[in-house]
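Data block below; observations after.
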There are 2 protein chains.
Amino acid sequence: MASSIAELIADRIDAMPAGERRAAQTLIASYPMIGLKTVADFSLQAGVSSPTILRFVSRLGFQNYPEFQSALQDELAAQLQSPLSRTASPLATGHGEASPMLEATLENIRETFRHVSEKQMRDIVLHLSNPRAKTFLIGGRFTDPVARYMAAHLTIIRPNVFHLTGQESNWRDRLIDMGKRDVLLIFDIRRYQDSLVRFAEKAHQRGVQIVLFTDQWLSPIARFARHVVAGRTAVPSPWDSSAALFVFAEALIGEVTRELEAESARRIREMENLR
Amino acid sequence: MASSIAELIADRIDAMPAGERRAAQTLIASYPMIGLKTVADFSLQAGVSSPTILRFVSRLGFQNYPEFQSALQDELAAQLQSPLSRTASPLATGHGEASPMLEATLENIRETFRHVSEKQMRDIVLHLSNPRAKTFLIGGRFTDPVARYMAAHLTIIRPNVFHLTGQESNWRDRLIDMGKRDVLLIFDIRRYQDSLVRFAEKAHQRGVQIVLFTDQWLSPIARFARHVVAGRTAVPSPWDSSAALFVFAEALIGEVTRELEAESARRIREMENLR
DNA sequence: GAAGCGCCGTATCGTATGTTACGTATTTTG
DNA sequence: CAAAATACGTAACATACGATACGGCGCTTC
């Protein structure tokens with residue numbers, strides 16, 4: 001028995017034709033606001049025709065569109081009166097410990113930030129905000145995507161950003177370009193990769209500033225690192241979670257962007273001209 | 001400067017004639033629901049005539065009734081998206097001074113999961129858990145790392161996982177390997193990439209099952225997708241956040257691993273032997 | 001490969017809805 | 001107390017909105 005319209009949709013969405021499913025998905029995506037607007041608005045947003053919207057609400061069991069809207073409004077009204085009983089999806093909070101995975105991840109993120117001081121954050125930002133110092137990024141088997149993600153953003157707001165990719169020998173050859181003023185940002189969580197450790201050591205010998213993103217048990221690279229950010233990775237899953245590191249990376253990206261605001265704005269404008 | 005319509009009313013209610021004041025009071029009494037209904041409903045509830053309602057909204061500074069309703073809806077939408085605003089002052093956050101960036105990200109993650117039903121989650125997991133159906137992953141400029149992250153894990157627990165990389169022509173050539181039973185997982189958030197849309201369309205024409213991870217405004221690819229996950233991406237930063245999609249990807253990885261437990265365990269054992 | 005079915009969009013229609021004009025009632029002011 | 005001004009409702013109007021009929025297209029099925 002579906003109580004809320006959202007659940008009702010979830011129940012029946014599989015039995016819907018393509019067009020109506022698009023309607024359902026758009027409604028869920030910005031639930032329930034689009035359903036309060038006109039059929040025309042709804043259809044436009046969903047990219048289907050008005051009749052499809054009407055067939056959609058009809059399939060949900062409503063006689064007509066206004067009736068459907070009234071139901072949405074009633075639901076909203078009930079929700080507003082008791083803010084705590086927000087119609088949560090079973091995944092979010094629902095039935096007891098329905099998603100320990102999600103809760104653990106959120107707590108990991110919080111905990112990770114809790115252990116990073118403002119000063120440390122600030123210091124890392126400054127390291128990454130010097131466009132004349134080259135910044136290299138690299139990660140392990142599972143964390144390299146995070147390095148890529150960060151590189152993708154940094155590349156836009158400043159020059160001299162390099163993501164080290166490919167085989168180990170490739171990275172080593174780039175060592176020759178790294179000096180004391182340069183920064184090497186490494187992601188490495190369990191099981192720590194020998195290749196990364198070796199690489200970090202060589203870079204360290206050349207005086208490169210190493211910023212390490214690792215887990216709470218600290219990669220051996222920590223001994224060479226100028227800064228160490230210890231992300232929480234434990235979740236009730238066979239895998240470790242890199243979510244905390246990812247979020248931290250995003251926070252850094254934001255900070256660095258703010259720091260380089262003037263220069264990066266000009267840079268971005270130039271870039272758009274090149275298209 | 002009154003921010004909300006409720007405050008606006010409170011400001012001006014003293015300067016209103018009797019009828020309009022009754023309108024104002026009824027609106028406040030069941031704020032804002034009655035304002036979302038028709039003028040007739042509103043007037044009936046307030047015990048005044050329709051023109052009085054219209055004069056009332058006009059006095060509030062709105063050109064016409066629909067404009068007034070839109071304003072109410074926007075207010076509601078903002079309120080629903082950030083339950084934080086309900087939890088009172090930003091000062092009393094208790095432990096530590098959490099940054100707005102962090103809080104927004106956490107809330108984005110929660111909200112994203114809230115809009116995904118258990119059934120949908122389950123369905124996507126099943127799609128990704130068929131080792132005989134090929135699974136292709138691809139992402140946009142900033143989201144491709146998330147696709148890579150997911151691919152890195154899936155590759156380990158099952159065969160036939162392919163991350164589409166390199167130039168657009170490369171992907172297209174892989175289309176020939178894709179059939180009705182296969183799955184294409186696409187990450188695409190603003191600004192949506194034409195190349196991805198084109199590619200998705202072609203894949204769709206071949207009958208490929210498309211699973212789309214996008215933002216709440218839905219990439220045009222939603223049109224071709226079997227499943228759409230709308231992640232929240234808005235944060236107080238110049239960039240959009242992919243954190244919610246990342247966490248969702250991790251959750252999926254965990255579920256698929258559980259689903260394929262028996263087979264993947266054997267597979268992993270074999271892999272370690274190969275080292 | 002042909003026939004049948006179901007889905008979806010275009011165009012049209014009827015109507016509910018917001019809007020406005022106007023006349024009456026009520027209050028205000030000299 | 002009279003006269004004017006403001007407030008309010010009735011009723012007519014126009015628009016935009018939801019609803020529907022119809023035709024074409026794609027998919028399945030035999």
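Labels for the structure tokens follow display order: chains A, B, ..., residues from 1 in each chain, ligands from 1.
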Problem set entry | Neighbour list for DT6 of chain D as a PyMOL selection string, cut-off 12 Å, only C-alpha atoms (C1' of nucleotides), skip fewer than 5 positions in-chain | (chain B and resi 16-18) or (chain C and resi 25-28)
Wanna dump the chain B-chain A contacts at 6 Å for me, each residue with its shortest atom pair and the distance in Å to one decimal, counting only C-alpha atoms, ordered by chain and number, as CSV?
```
residue,atom,partner,partner_atom,distance
B:Phe113,CA,A:Ala92,CA,5.8
B:Arg114,CA,A:Ser89,CA,4.9
B:Pro145,CA,A:Pro145,CA,4.5
B:Tyr149,CA,A:Pro145,CA,5.5
B:Gln216,CA,A:Ala29,CA,5.5
B:Ala230,CA,A:Ala29,CA,5.6
B:Ser237,CA,A:Gly254,CA,5.7
B:Ala243,CA,A:Val247,CA,6.0
B:Val247,CA,A:Ala243,CA,6.0
B:Gly254,CA,A:Ser237,CA,5.8
```
Problem set entry | Residue neighbourhood segment 7-20 of chain D, 10 Å, only C-alpha atoms (C1' of nucleotides), exclusion window fewer than 3 positions, as a PyMOL selection string | (chain A and resi 38-40+50-51+54+64-66) or (chain B and resi 17-20+48-52) or (chain C and resi 12-27)
Present chain B as a JSON list (two decimals) with C-alpha atoms, in the first residue's frame, least-squares fitted onto chain A over all of its C-alpha atoms paired in order.
```json
[["chain", "number", "residue", "atom", "x", "y", "z"],
["B", 1, "MET", "CA", 5.38, -3.47, -9.80],
["B", 2, "ALA", "CA", 5.22, 0.25, -9.26],
["B", 3, "SER", "CA", 8.65, 1.80, -9.24],
["B", 4, "SER", "CA", 7.93, 5.31, -8.17],
["B", 5, "ILE", "CA", 5.69, 6.42, -5.38],
["B", 6, "ALA", "CA", 3.64, 8.44, -7.85],
["B", 7, "GLU", "CA", 2.81, 5.28, -9.76],
["B", 8, "LEU", "CA", 2.08, 3.47, -6.54],
["B", 9, "ILE", "CA", -0.49, 6.12, -5.71],
["B", 10, "ALA", "CA", -2.03, 6.04, -9.14],
["B", 11, "ASP", "CA", -2.47, 2.30, -8.74],
["B", 12, "ARG", "CA", -4.30, 2.46, -5.47],
["B", 13, "ILE", "CA", -6.08, 5.76, -5.53],
["B", 14, "ASP", "CA", -9.33, 4.19, -6.68],
["B", 15, "ALA", "CA", -9.47, 1.90, -3.71],
["B", 16, "MET", "CA", -9.12, 4.75, -1.25],
["B", 17, "PRO", "CA", -11.71, 6.42, 0.96],
["B", 18, "ALA", "CA", -12.59, 10.03, 0.22],
["B", 19, "GLY", "CA", -10.26, 11.68, 2.71],
["B", 20, "GLU", "CA", -7.22, 9.72, 1.76],
["B", 21, "ARG", "CA", -7.98, 10.34, -1.88],
["B", 22, "ARG", "CA", -7.86, 14.05, -1.23],
["B", 23, "ALA", "CA", -4.48, 13.50, 0.39],
["B", 24, "ALA", "CA", -3.31, 11.57, -2.64],
["B", 25, "GLN", "CA", -4.48, 14.24, -5.02],
["B", 26, "THR", "CA", -2.81, 17.06, -3.13],
["B", 27, "LEU", "CA", 0.43, 15.11, -3.08],
["B", 28, "ILE", "CA", 0.25, 14.47, -6.81],
["B", 29, "ALA", "CA", -0.65, 18.09, -7.46],
["B", 30, "SER", "CA", 2.60, 19.38, -6.01],
["B", 31, "TYR", "CA", 4.61, 16.24, -6.18],
["B", 32, "PRO", "CA", 6.61, 15.57, -4.15],
["B", 33, "MET", "CA", 7.24, 18.73, -2.19],
["B", 34, "ILE", "CA", 4.29, 18.62, 0.17],
["B", 35, "GLY", "CA", 5.31, 15.13, 1.19],
["B", 36, "LEU", "CA", 8.58, 16.47, 2.51],
["B", 37, "LYS", "CA", 6.91, 18.81, 4.92],
["B", 38, "THR", "CA", 5.32, 17.87, 8.22],
["B", 39, "VAL", "CA", 2.16, 15.87, 8.64],
["B", 40, "ALA", "CA", 0.43, 18.98, 9.94],
["B", 41, "ASP", "CA", 1.36, 20.97, 6.83],
["B", 42, "PHE", "CA", 0.29, 18.16, 4.61],
["B", 43, "SER", "CA", -3.04, 17.71, 6.34],
["B", 44, "LEU", "CA", -3.71, 21.44, 6.27],
["B", 45, "GLN", "CA", -2.97, 21.66, 2.57],
["B", 46, "ALA", "CA", -5.16, 18.69, 1.80],
["B", 47, "GLY", "CA", -7.93, 19.91, 4.08],
["B", 48, "VAL", "CA", -8.05, 16.73, 6.09],
["B", 49, "SER", "CA", -6.82, 15.76, 9.52],
["B", 50, "SER", "CA", -3.39, 14.48, 10.43],
["B", 51, "PRO", "CA", -4.50, 10.91, 11.14],
["B", 52, "THR", "CA", -5.94, 10.75, 7.64],
["B", 53, "ILE", "CA", -2.53, 11.58, 6.22],
["B", 54, "LEU", "CA", -0.98, 8.88, 8.33],
["B", 55, "ARG", "CA", -3.56, 6.33, 7.28],
["B", 56, "PHE", "CA", -2.86, 7.35, 3.73],
["B", 57, "VAL", "CA", 0.88, 6.67, 3.88],
["B", 58, "SER", "CA", 0.19, 3.53, 5.84],
["B", 59, "ARG", "CA", -2.06, 2.34, 3.03],
["B", 60, "LEU", "CA", 0.77, 2.89, 0.60],
["B", 61, "GLY", "CA", 2.69, 0.31, 2.53],
["B", 62, "PHE", "CA", 4.93, 2.46, 4.68],
["B", 63, "GLN", "CA", 5.38, 1.67, 8.35],
["B", 64, "ASN", "CA", 5.45, 5.28, 9.43],
["B", 65, "TYR", "CA", 5.65, 8.82, 8.11],
["B", 66, "PRO", "CA", 9.45, 9.24, 8.25],
["B", 67, "GLU", "CA", 9.86, 6.09, 6.19],
["B", 68, "PHE", "CA", 7.55, 7.55, 3.60],
["B", 69, "GLN", "CA", 9.55, 10.77, 3.53],
["B", 70, "SER", "CA", 12.81, 8.91, 3.15],
["B", 71, "ALA", "CA", 11.41, 7.09, 0.15],
["B", 72, "LEU", "CA", 10.42, 10.39, -1.44],
["B", 73, "GLN", "CA", 13.86, 11.81, -0.79],
["B", 74, "ASP", "CA", 15.59, 8.82, -2.29],
["B", 75, "GLU", "CA", 13.45, 9.18, -5.36],
["B", 76, "LEU", "CA", 14.31, 12.85, -5.60],
["B", 77, "ALA", "CA", 18.00, 12.20, -5.15],
["B", 78, "ALA", "CA", 18.01, 9.63, -7.92],
["B", 79, "GLN", "CA", 16.16, 12.02, -10.16],
["B", 80, "LEU", "CA", 18.53, 14.89, -9.48],
["B", 81, "GLN", "CA", 21.59, 12.84, -10.10],
["B", 82, "SER", "CA", 20.59, 11.60, -13.50],
["B", 83, "PRO", "CA", 18.84, 14.26, -15.50],
["B", 84, "LEU", "CA", 19.11, 11.69, -18.26],
["B", 85, "SER", "CA", 16.04, 9.93, -17.01],
["B", 86, "ARG", "CA", 14.17, 13.10, -17.77],
["B", 87, "THR", "CA", 15.34, 13.23, -21.36],
["B", 88, "ALA", "CA", 12.98, 10.40, -22.16],
["B", 89, "SER", "CA", 13.56, 7.08, -23.81],
["B", 90, "PRO", "CA", 16.96, 5.47, -24.08],
["B", 91, "LEU", "CA", 16.17, 4.68, -27.68],
["B", 92, "ALA", "CA", 16.13, 8.22, -28.97],
["B", 93, "THR", "CA", 19.72, 9.08, -28.29],
["B", 94, "GLY", "CA", 20.14, 10.23, -31.86],
["B", 95, "HIS", "CA", 23.66, 9.79, -33.14],
["B", 96, "GLY", "CA", 25.08, 6.40, -32.44],
["B", 97, "GLU", "CA", 24.26, 4.05, -29.61],
["B", 98, "ALA", "CA", 26.21, 5.57, -26.77],
["B", 99, "SER", "CA", 26.98, 3.03, -24.09],
["B", 100, "PRO", "CA", 25.52, 3.51, -20.61],
["B", 101, "MET", "CA", 29.05, 3.46, -19.28],
["B", 102, "LEU", "CA", 30.05, 6.38, -21.45],
["B", 103, "GLU", "CA", 26.95, 8.41, -20.71],
["B", 104, "ALA", "CA", 27.32, 7.84, -16.99],
["B", 105, "THR", "CA", 30.91, 8.98, -17.13],
["B", 106, "LEU", "CA", 30.05, 12.13, -19.05],
["B", 107, "GLU", "CA", 27.30, 12.92, -16.61],
["B", 108, "ASN", "CA", 29.62, 12.29, -13.69],
["B", 109, "ILE", "CA", 32.07, 14.78, -15.05],
["B", 110, "ARG", "CA", 29.39, 17.40, -15.55],
["B", 111, "GLU", "CA", 27.93, 16.83, -12.13],
["B", 112, "THR", "CA", 31.31, 17.05, -10.48],
["B", 113, "PHE", "CA", 32.00, 20.44, -11.98],
["B", 114, "ARG", "CA", 28.54, 21.56, -11.10],
["B", 115, "HIS", "CA", 29.31, 21.14, -7.43],
["B", 116, "VAL", "CA", 32.47, 23.16, -7.49],
["B", 117, "SER", "CA", 32.11, 26.88, -7.17],
["B", 118, "GLU", "CA", 34.20, 29.32, -9.12],
["B", 119, "LYS", "CA", 35.57, 30.65, -5.89],
["B", 120, "GLN", "CA", 36.67, 27.27, -4.67],
["B", 121, "MET", "CA", 38.34, 26.52, -7.97],
["B", 122, "ARG", "CA", 40.09, 29.84, -7.84],
["B", 123, "ASP", "CA", 41.26, 29.23, -4.30],
["B", 124, "ILE", "CA", 42.70, 25.83, -5.08],
["B", 125, "VAL", "CA", 44.48, 27.26, -8.09],
["B", 126, "LEU", "CA", 46.06, 29.93, -5.93],
["B", 127, "HIS", "CA", 47.19, 27.33, -3.45],
["B", 128, "LEU", "CA", 48.92, 25.42, -6.20],
["B", 129, "SER", "CA", 50.36, 28.50, -7.85],
["B", 130, "ASN", "CA", 52.75, 29.55, -5.16],
["B", 131, "PRO", "CA", 56.10, 28.17, -6.29],
["B", 132, "ARG", "CA", 57.69, 28.85, -2.93],
["B", 133, "ALA", "CA", 55.21, 26.71, -1.06],
["B", 134, "LYS", "CA", 56.03, 23.06, -1.56],
["B", 135, "THR", "CA", 53.29, 20.97, -3.15],
["B", 136, "PHE", "CA", 53.05, 17.27, -2.34],
["B", 137, "LEU", "CA", 50.78, 14.85, -4.20],
["B", 138, "ILE", "CA", 49.66, 11.41, -3.25],
["B", 139, "GLY", "CA", 46.83, 9.04, -4.08],
["B", 140, "GLY", "CA", 45.33, 5.71, -3.17],
["B", 141, "ARG", "CA", 45.60, 2.39, -4.88],
["B", 142, "PHE", "CA", 43.66, 3.40, -7.97],
["B", 143, "THR", "CA", 43.88, 7.14, -7.80],
["B", 144, "ASP", "CA", 47.60, 7.51, -7.38],
["B", 145, "PRO", "CA", 48.05, 7.51, -11.16],
["B", 146, "VAL", "CA", 45.93, 10.65, -11.26],
["B", 147, "ALA", "CA", 48.22, 12.20, -8.67],
["B", 148, "ARG", "CA", 51.17, 11.21, -10.83],
["B", 149, "TYR", "CA", 49.55, 12.72, -13.88],
["B", 150, "MET", "CA", 49.06, 15.98, -12.13],
["B", 151, "ALA", "CA", 52.54, 15.93, -10.66],
["B", 152, "ALA", "CA", 54.04, 15.30, -14.09],
["B", 153, "HIS", "CA", 52.54, 18.56, -15.34],
["B", 154, "LEU", "CA", 53.03, 20.70, -12.28],
["B", 155, "THR", "CA", 56.67, 19.72, -12.07],
["B", 156, "ILE", "CA", 57.23, 21.35, -15.40],
["B", 157, "ILE", "CA", 55.65, 24.69, -14.72],
["B", 158, "ARG", "CA", 56.93, 25.24, -11.21],
["B", 159, "PRO", "CA", 59.54, 24.03, -8.72],
["B", 160, "ASN", "CA", 58.87, 22.31, -5.41],
["B", 161, "VAL", "CA", 56.42, 19.70, -6.63],
["B", 162, "PHE", "CA", 56.79, 16.26, -5.11],
["B", 163, "HIS", "CA", 54.87, 13.10, -5.79],
["B", 164, "LEU", "CA", 54.96, 10.87, -2.72],
["B", 165, "THR", "CA", 55.64, 7.36, -3.84],
["B", 166, "GLY", "CA", 56.66, 4.02, -2.47],
["B", 167, "GLN", "CA", 55.95, 2.72, 1.00],
["B", 168, "GLU", "CA", 54.07, 4.43, 3.77],
["B", 169, "SER", "CA", 57.24, 4.93, 5.78],
["B", 170, "ASN", "CA", 58.65, 6.89, 2.88],
["B", 171, "TRP", "CA", 55.86, 9.43, 2.99],
["B", 172, "ARG", "CA", 56.11, 9.80, 6.71],
["B", 173, "ASP", "CA", 59.75, 10.70, 6.47],
["B", 174, "ARG", "CA", 58.83, 13.50, 4.11],
["B", 175, "LEU", "CA", 56.53, 14.98, 6.72],
["B", 176, "ILE", "CA", 59.52, 16.67, 8.20],
["B", 177, "ASP", "CA", 59.76, 18.85, 5.11],
["B", 178, "MET", "CA", 56.15, 19.99, 5.34],
["B", 179, "GLY", "CA", 55.11, 23.19, 7.04],
["B", 180, "LYS", "CA", 52.14, 25.49, 7.37],
["B", 181, "ARG", "CA", 52.73, 27.16, 4.04],
["B", 182, "ASP", "CA", 52.88, 23.91, 2.13],
["B", 183, "VAL", "CA", 50.14, 22.08, 0.29],
["B", 184, "LEU", "CA", 49.27, 18.40, 0.29],
["B", 185, "LEU", "CA", 47.00, 17.19, -2.48],
["B", 186, "ILE", "CA", 45.41, 13.85, -1.72],
["B", 187, "PHE", "CA", 43.30, 11.58, -3.91],
["B", 188, "ASP", "CA", 41.21, 9.15, -1.94],
["B", 189, "ILE", "CA", 38.05, 7.37, -3.01],
["B", 190, "ARG", "CA", 36.33, 4.28, -1.67],
["B", 191, "ARG", "CA", 37.45, 2.15, -0.12],
["B", 192, "TYR", "CA", 39.33, 4.78, 1.75],
["B", 193, "GLN", "CA", 42.82, 3.74, 2.70],
["B", 194, "ASP", "CA", 43.76, 3.82, 6.35],
["B", 195, "SER", "CA", 47.32, 4.63, 5.50],
["B", 196, "LEU", "CA", 46.26, 7.78, 3.68],
["B", 197, "VAL", "CA", 44.00, 8.87, 6.49],
["B", 198, "ARG", "CA", 46.76, 8.42, 9.01],
["B", 199, "PHE", "CA", 49.14, 10.34, 6.84],
["B", 200, "ALA", "CA", 46.68, 13.16, 6.28],
["B", 201, "GLU", "CA", 46.12, 13.47, 9.99],
["B", 202, "LYS", "CA", 49.81, 13.78, 10.70],
["B", 203, "ALA", "CA", 50.22, 16.36, 7.96],
["B", 204, "HIS", "CA", 47.25, 18.25, 9.29],
["B", 205, "GLN", "CA", 48.82, 18.35, 12.71],
["B", 206, "ARG", "CA", 51.83, 20.02, 11.18],
["B", 207, "GLY", "CA", 49.53, 22.65, 9.75],
["B", 208, "VAL", "CA", 49.84, 21.56, 6.14],
["B", 209, "GLN", "CA", 47.09, 22.81, 3.82],
["B", 210, "ILE", "CA", 45.28, 19.74, 2.57],
["B", 211, "VAL", "CA", 43.36, 19.65, -0.70],
["B", 212, "LEU", "CA", 41.30, 16.49, -1.01],
["B", 213, "PHE", "CA", 39.94, 14.90, -4.14],
["B", 214, "THR", "CA", 37.45, 12.25, -3.11],
["B", 215, "ASP", "CA", 34.12, 10.76, -4.09],
["B", 216, "GLN", "CA", 30.70, 12.07, -3.21],
["B", 217, "TRP", "CA", 30.64, 10.14, 0.05],
["B", 218, "LEU", "CA", 33.71, 12.00, 1.23],
["B", 219, "SER", "CA", 36.77, 10.26, 2.53],
["B", 220, "PRO", "CA", 37.34, 10.66, 6.26],
["B", 221, "ILE", "CA", 40.22, 12.88, 5.26],
["B", 222, "ALA", "CA", 37.65, 15.58, 4.57],
["B", 223, "ARG", "CA", 37.90, 16.19, 8.25],
["B", 224, "PHE", "CA", 41.39, 17.61, 7.87],
["B", 225, "ALA", "CA", 41.03, 19.20, 4.47],
["B", 226, "ARG", "CA", 41.09, 22.87, 3.61],
["B", 227, "HIS", "CA", 39.39, 22.11, 0.32],
["B", 228, "VAL", "CA", 37.30, 19.16, -0.68],
["B", 229, "VAL", "CA", 36.39, 18.28, -4.25],
["B", 230, "ALA", "CA", 33.73, 15.61, -4.38],
["B", 231, "GLY", "CA", 33.94, 13.78, -7.69],
["B", 232, "ARG", "CA", 31.17, 11.54, -8.95],
["B", 233, "THR", "CA", 32.40, 7.99, -9.30],
["B", 234, "ALA", "CA", 29.35, 5.81, -9.85],
["B", 235, "VAL", "CA", 29.18, 3.97, -13.17],
["B", 236, "PRO", "CA", 27.51, 0.78, -14.38],
["B", 237, "SER", "CA", 30.62, -1.25, -13.81],
["B", 238, "PRO", "CA", 32.14, -3.27, -10.99],
["B", 239, "TRP", "CA", 34.65, -0.46, -10.52],
["B", 240, "ASP", "CA", 34.35, 3.11, -9.45],
["B", 241, "SER", "CA", 35.29, 5.67, -12.07],
["B", 242, "SER", "CA", 38.05, 8.20, -11.48],
["B", 243, "ALA", "CA", 37.36, 9.94, -14.77],
["B", 244, "ALA", "CA", 35.70, 12.95, -13.20],
["B", 245, "LEU", "CA", 38.62, 13.48, -10.88],
["B", 246, "PHE", "CA", 40.99, 13.09, -13.79],
["B", 247, "VAL", "CA", 39.21, 15.72, -15.83],
["B", 248, "PHE", "CA", 39.09, 18.02, -12.86],
["B", 249, "ALA", "CA", 42.80, 17.53, -12.37],
["B", 250, "GLU", "CA", 43.35, 18.52, -15.98],
["B", 251, "ALA", "CA", 41.26, 21.62, -15.56],
["B", 252, "LEU", "CA", 43.33, 22.56, -12.52],
["B", 253, "ILE", "CA", 46.55, 22.00, -14.40],
["B", 254, "GLY", "CA", 45.33, 24.33, -17.12],
["B", 255, "GLU", "CA", 44.34, 27.04, -14.68],
["B", 256, "VAL", "CA", 47.57, 26.87, -12.73],
["B", 257, "THR", "CA", 49.52, 27.06, -15.96],
["B", 258, "ARG", "CA", 47.65, 30.17, -16.94],
["B", 259, "GLU", "CA", 48.24, 31.64, -13.51],
["B", 260, "LEU", "CA", 51.97, 31.07, -13.66],
["B", 261, "GLU", "CA", 52.21, 31.89, -17.32],
["B", 262, "ALA", "CA", 55.15, 34.27, -17.19],
["B", 263, "GLU", "CA", 57.29, 32.26, -14.85],
["B", 264, "SER", "CA", 56.49, 28.88, -16.33],
["B", 265, "ALA", "CA", 57.29, 30.03, -19.85],
["B", 266, "ARG", "CA", 60.75, 31.04, -18.76],
["B", 267, "ARG", "CA", 61.12, 27.81, -16.86],
["B", 268, "ILE", "CA", 60.15, 25.68, -19.81],
["B", 269, "ARG", "CA", 62.58, 27.53, -22.05],
["B", 270, "GLU", "CA", 65.39, 26.84, -19.62],
["B", 271, "MET", "CA", 64.41, 23.20, -19.52],
["B", 272, "GLU", "CA", 64.59, 22.79, -23.24],
["B", 273, "ASN", "CA", 68.07, 24.26, -23.16],
["B", 274, "LEU", "CA", 69.13, 21.55, -20.79],
["B", 275, "ARG", "CA", 68.34, 18.80, -23.22]]
```
For this session: Find the residues in chain C near chain A: any atom within 10 Å counts, using only C-alpha atoms (C1' of nucleotides). Write them as a VMD selection string.
Result: chain C and resid 6 to 10
Save out the residues we just selected, C-alpha atoms (C1' of nucleotides), as a short mmCIF file (atom, residue, chain, number, x, y, z; two decimals), in the first residue's frame.
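Result file part_9.cif:
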```cif
data_model
loop_
_atom_site.label_atom_id
_atom_site.label_comp_id
_atom_site.auth_asym_id
_atom_site.auth_seq_id
_atom_site.Cartn_x
_atom_site.Cartn_y
_atom_site.Cartn_z
"C1'" DG C 6 0.23 0.16 -28.25
"C1'" DC C 7 2.38 4.53 -27.66
"C1'" DC C 8 2.91 9.32 -28.51
"C1'" DG C 9 2.37 13.88 -30.49
"C1'" DT C 10 -0.61 17.49 -33.19
#
```
Exercise. Per DSSP on the backbone, what are the helix (DSSP H, G or I) residues of segment 19-148 of chain B, as number ranges by chain?
Worked result: B: 19-29, 33-36, 39-46, 50-59, 65-81, 83-87, 90-92, 100-114, 118-128, 144-148
